[in-house]
Structures are given as C-alpha cells and as structure tokens.
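Novice: Take a look at this one; I'll ask things after.
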Amino acid sequence: MNNHISKNISLDTIPVNNRLFTRKKIYRAIKIIVCYILITAITLFCIFPIAWIIKTAFETPQFIRNPLIQWVPIQPTTENFTEVLNNPRAMVGRSFLNSFIVAGISTLLSTIITVLAAYALSRFNFIGKKIFAIYLLMINMVPPTLILISMFIFLVKIKLVNSHPGLIIYYTAIGLPLAIWMLKSYFDTIPLDLEEQAMIDGATRLQAIRYVIIPLALPGIVSVTVYVFMTHWNEFMAALTIVQKQQLRTLPVQVINFLGFERMEWGPMMAFSVLVSLPAVILFVYAQKRLVGGLTAGYTK
Amino acid sequence: MSSKHALMKKATPYLLILPTVITLIFFSVYPFVSGILYSFSDIKFVGGSATWVGLENFARLFGGKVNTSINFYKAFRQNVLWTVSVIMGQLIIGYIAALILNEKIPGRGIYRTLIMLPWAIPSVVMALTWQWMYDPFFGLINYYLKFFGIIKDYITWVGQPDSTIWPLVVVGIWRGIPFMTLMLLSGLQSIPEELYEAAKVDGASLLQRFRYLTLPLMRSVTMVVLMLTTMWWWNSFDIQRVMSPVLSLGYNSMTLPILAWYEAFQWKHLGRGAAISVISLIVMFVFILLNAKRELGDVKENRY
C-alpha cells in the first residue's frame, strides 16, 4: 500500500511531457492496436473470397482439388482461361457482347432520363412533386418478383420476351428511381446562383443546364452512371427469366448455365468468374472516389 | 413577361419529368398494379387467360394443410430469419469498420478500398465462389474449420434438402458489409469534430462519447440505411437461387422471393407467385411504416 502511494507520488512529480509512458499514451497505443486487429480481420474477411477466385483461376487443374489449402497457385497457369474461352458451351464472347449491349444501352437511357428528372426535382416546385418523390422512394419496397411477373406477361403480349429490347426496357425502368434520387441530392449541393446568373446573362434554361449545371454535376453524373451500369451488368433474376435463348443470355446467367454443364469444374468456372467481374471491378476502381462521394451524398443528405 | 413565356416557365418541370413519368407509367406503375390484379386471378401460364378468382390464391397460401401453404409458411419464417440475421450481422460489422475507418489511422485509405471491393463483384459470381469454398471435400471452409479443430468431420454445408440457411446468411453478411460501412462512415464523417473535442474536455470516456454523442447523431443515417438494406435483403434472390437450387420442395434456404419465382416461372402458377409477392410487399410496407415514421415525415415536410 505504502509502496503504491510512493510510486504514485514519484510518478506525479515528473513533468508530464518527460514521461515515456503516460497512462494516456498507453491507452492510445492499446486503442490503436485493437483498431488495427479488428479492421484487419474485417478486411481479410472481405477479400479472402476474391483472393480465392484468383488463386483457383490460375491454378493447374490437377492441383485445384488439393486436400491441402495453398494460397499461391502451386503451378501457375492460364490453362483455365483458354479452356473457358475455347469451350463452345461457355460462349464467352457472345455473352460479353450481350451484356455490353443490354447494360450499355439501358444505362445510357437511364442516365439521360435521370438527369432531366433529377434536375426538375432539385430546382422546381410543381404540383405533384411530392407524389412523384414519394413514389420514387416507395417503389424500392416492391418485390422485384411482382414487377417481373407482370412485366413478363406484358412483354409476351408485345412480343419482346426473349429479346434484348425487352430486358433493356425492364432495366431502364427498374434502375430509374434510385438513380434519380441519388442525382437529385447531388444537384442539391450545387448553388442556385450559378445558373440564375447565367440566365440573367441571357442563357435559356436548357443552355444553363447544358453549360453550367452538367459540367459542375459531372462527378455526380459519372458516379450514378457507374452505379447503374454495375447494377445492370450484375443483374440476375430478370436476365434469367426474360431471356431464355442461349445466344441472347447475359453473363451472369451464362455463368450459372456453364456450371450446370461443367458440374464442379471449378478451375474454368473461376476463370469465367474473373472475366465476368473484370469490367465492373475496373469501372469501380476507376470511379471509386467519385462513386463513394456521389452515393453517400445521395442517401445521407 | 408575356403570358406565353410564363406558361413555358410553368411547363418546364413537367417537360423535364415527362420521360421519367412515361417510362414509369408503362414499366413500373402498370406492372405494379397489374401484378396486384394478377394475384387475384388464376392465370396459370403466360398467354393464358386470367379469370378473377377473388381471394382464392391467398386462401390457398394461408389455408393450412396443402403443400402450397406449408411451403409458404416455411418460406415466410425463413425470410424473416434471413433478413434479420443478415442485417444484424452487416450492421454490427459495418459499424465497427466505420468507427475505425473514421479514426485518423495510417493506411485507412487502403483498408477502405479493400473493404469496398466485394461490392463490385457480381452477386452471381460471389455466390458461386462461396459455393466452391463450402465444397465438402476440397473447400476452404471445411479445411480451416478442421485445421483449427472446430469441426471433426467435413460437413456438407449447402445444397442439401436439410441444409440450414446459416451458410447463406454468412454470404449475405459478407456481401452487405461494403455498402453498410460506406454509408455509416459517411454519416460519421458529417459529425463535426469539435463536438468530440468538447466532450473530451468535459471528461467523457470513449464509451460515453459513443453512447451520448455518436449514437444519437447517427440515428437518422442509421435508420435510412437500415430501411434501404431491409427492403433489399427482404427481397434478395441471387444468393439463395445460385447456392441452393430448389429442385424439390422443402429446402430450408427457400425464402419468399425464391418461392414466388418458382411458383410463377417454374410451376407456372403466375397468380400464386404474384399473391406471394403481394403479401411480402404488405409485410414490408407495414414494417417500414411502423419503424420509419420520422423519416417518412421528413420526406413529407419537404426535407428530403
């Protein structure tokens, strides 16, 4: 007890700045170590499946089913890629083209429509605005299966089922509400004065949008476009349902289909997966900063 | 200003939203309304006739002893279990990650990019990869669980009639961490630093600062994110469909969207599929209304 007190006194007599380990510093060090351990664990959890895709894709087939797990390919090879690219059942080239057509056109359409509507929502007060805005929010709740069932019947009626236009129409409509919502919030952050000034200087509203607003909002527009493209590129349920002809299938459906043929051939499967993911990942890495900014501006005011 | 000019000015917003309104009326409002109508019909296959049968589809679902009804109750329970556990998992891990990334620690940019990465990968690809990792004989997961002595014998995790939904929940949590972390992090970053400084000066501990500063200030952001993710994961389809194809009745991973899809497109009971979706929608609607009165109020008060 005595010892304890004297220790305390002696510690307190040293000027704070000269102490090597103050309680505060120790706390801070422990805190940082705990932070690093936790965040490293979470990050590892997030990326280990991705590492595993890559490892399997580049592994020589006979080593893929190895009872001993190794994270570096035992014999690195591109055999799986040539296998999947040359397999007529995989139809990689054709499905890539299909995916680019469907996701590309629907993204372009959505973006144009979105910019106009988001601008209107951000800048004008008009009758019906509230209903419009609430509809855009609430439609998120509706199960895609419900929309898909009647869209499917509708597409059969207008003879667009089993075709790319059918899928493009569906994607364009489904992607709109969220895209408009995100972009509207981005427009809200651009001060009104700029376009008012342009209009006082004699520009029409459309000119003001074209030459003042769009350049300023470009980061937001890019992030919304990337987000919409990624969603359409990755979409599975409607692509599975609306398009049943093999020549017209998009990538996600084709991957699953390929698994059906090549049951448990994980090497070519993972090589195919790498190819499918690549465009979305490249876009994501390219637009990451803008995407993050644009998205968060959209949801959290 | 001439009256023509004034009229033009009034018409501008309507012209701007016109393309959206047309698209939505044809491909969103119409399918939505007709979908609800189909749920009261006996439409069996595409192009077949739809006769109004009133509540028969719903009666069959709630009716008790028939297979349809047993499946429906099971899918409903599984859907609740799935959504609650996936969202809870995402929320807890996402909060921890966001709180740490909000600290000014070196290397947080790299951590943030890496945590975000799963988001860019197509969900189908991810579900396949997890299926490969769950492989009973050569899968990563069995290997490490055995390596660390958690299991004795290799387990067949997914794809069996008696497989539980938990392996899929892990995938769902994994999939949702990037979005959850990103949203919560942006919310945290909007809290002014001075508040924390002031609290520190007043002697508030780390936990106190979290309890009395972070949580109340994050309430609205958290609610919005929870609402959005709950809607998405309640309706999620890809993971369940890819990882355990419903080849026969009674799979444990069968949730409502899966059941609705199979009823409609595999077993050609389009009306029944629509009915399941309508019930699923009503449940979600009530849930959101009960939990988000304040946020919906914000929308009504023009604060969106």
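Here's how to read the names in the structure tokens: chain A, B, ... by the order shown, residue numbers from 1 in each chain, ligand numbers from 1 in the order shown.
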When the cut-off is 7 Å and we count only C-alpha atoms, which residues of chain A are near chain B, given as a VMD selection string?
Specialist: chain A and resid 35 39 43 46 to 47 49 53 65 to 67 69 113 116 to 117 120 124 141 to 143 145 to 147 149 to 151 153 170 173 234 236 to 237 252 273 277 280 to 281 284 296 300
Novice: Using DSSP on the backbone coordinates, identify the residues of segment 6-230 of chain B assigned to alpha helix (DSSP H); present them as a PyMOL selection string.
Specialist: chain B and resi 6-24+30-38+56-62+67-102+108-116+123-133+140-147+166-189+193-201+206-209+215-230
Novice: So that I can check the surroundings of segment 162-169 of chain A, please list as a list in words every protein, DNA and RNA residue that reaches within 7 Å of it, counting only C-alpha atoms and ignoring chain neighbours fewer than 2 positions away.
Specialist: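 The filter keeps Val102, Ile105, Ser106, Leu155, Leu160, Tyr171, Thr172, Ala173, Ala239, Ile242, Val243, Gln244 and Lys245 of chain A.
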Novice: Keeping N, CA and C atoms for every residue in the selection just given, could you write it to a file as a PDB file, in the first residue's frame?
Specialist:
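This went into again_36.pdb:
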```
ATOM      1  N   VAL A 102     -26.950  -4.891 -73.541  1.00  0.00           N
ATOM      2  CA  VAL A 102     -28.074  -4.671 -72.631  1.00  0.00           C
ATOM      3  C   VAL A 102     -27.726  -3.646 -71.553  1.00  0.00           C
ATOM      4  N   ILE A 105     -26.868   0.025 -73.257  1.00  0.00           N
ATOM      5  CA  ILE A 105     -27.996   0.819 -73.744  1.00  0.00           C
ATOM      6  C   ILE A 105     -28.922   1.224 -72.597  1.00  0.00           C
ATOM      7  N   SER A 106     -29.204   0.286 -71.692  1.00  0.00           N
ATOM      8  CA  SER A 106     -30.124   0.653 -70.608  1.00  0.00           C
ATOM      9  C   SER A 106     -29.497   1.715 -69.704  1.00  0.00           C
ATOM     10  N   LEU A 155     -44.497  -8.301 -71.641  1.00  0.00           N
ATOM     11  CA  LEU A 155     -43.501  -8.447 -72.709  1.00  0.00           C
ATOM     12  C   LEU A 155     -43.904  -9.543 -73.694  1.00  0.00           C
ATOM     13  N   LEU A 160     -41.855  -8.974 -76.920  1.00  0.00           N
ATOM     14  CA  LEU A 160     -40.476  -8.562 -76.652  1.00  0.00           C
ATOM     15  C   LEU A 160     -39.779  -9.511 -75.674  1.00  0.00           C
ATOM     16  N   TYR A 171     -34.712  -3.045 -67.394  1.00  0.00           N
ATOM     17  CA  TYR A 171     -33.612  -2.457 -66.633  1.00  0.00           C
ATOM     18  C   TYR A 171     -33.753  -0.945 -66.517  1.00  0.00           C
ATOM     19  N   THR A 172     -34.086  -0.305 -67.647  1.00  0.00           N
ATOM     20  CA  THR A 172     -34.206   1.153 -67.633  1.00  0.00           C
ATOM     21  C   THR A 172     -35.223   1.588 -66.588  1.00  0.00           C
ATOM     22  N   ALA A 173     -36.375   0.917 -66.593  1.00  0.00           N
ATOM     23  CA  ALA A 173     -37.442   1.315 -65.665  1.00  0.00           C
ATOM     24  C   ALA A 173     -37.071   1.020 -64.218  1.00  0.00           C
ATOM     25  N   ALA A 239     -32.729 -11.307 -66.001  1.00  0.00           N
ATOM     26  CA  ALA A 239     -31.988 -11.855 -67.135  1.00  0.00           C
ATOM     27  C   ALA A 239     -32.271 -13.348 -67.266  1.00  0.00           C
ATOM     28  N   ILE A 242     -36.379 -13.376 -68.382  1.00  0.00           N
ATOM     29  CA  ILE A 242     -36.870 -12.771 -69.617  1.00  0.00           C
ATOM     30  C   ILE A 242     -36.191 -13.366 -70.847  1.00  0.00           C
ATOM     31  N   VAL A 243     -34.878 -13.635 -70.724  1.00  0.00           N
ATOM     32  CA  VAL A 243     -34.155 -14.165 -71.887  1.00  0.00           C
ATOM     33  C   VAL A 243     -33.838 -15.638 -71.681  1.00  0.00           C
ATOM     34  N   GLN A 244     -34.427 -16.483 -72.516  1.00  0.00           N
ATOM     35  CA  GLN A 244     -34.165 -17.912 -72.347  1.00  0.00           C
ATOM     36  C   GLN A 244     -33.349 -18.520 -73.482  1.00  0.00           C
ATOM     37  N   LYS A 245     -33.236 -17.797 -74.591  1.00  0.00           N
ATOM     38  CA  LYS A 245     -32.412 -18.305 -75.703  1.00  0.00           C
ATOM     39  C   LYS A 245     -30.945 -18.201 -75.322  1.00  0.00           C
TER      40      LYS A 245
END
```
Novice: Just the number, please: distance in Å from atom CA of Leu91 of chain B to atom CA of Met180 of chain B, one decimal.
Specialist: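 Separating atom CA of Leu91 of chain B from atom CA of Met180 of chain B is a distance of 6.7 Å.
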Novice: How many Å separate atom CA of Trp52 of chain A from atom CA of Leu68 of chain A?
Specialist: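 Going from atom CA of Trp52 of chain A over to atom CA of Leu68 of chain A covers 13.8 Å.
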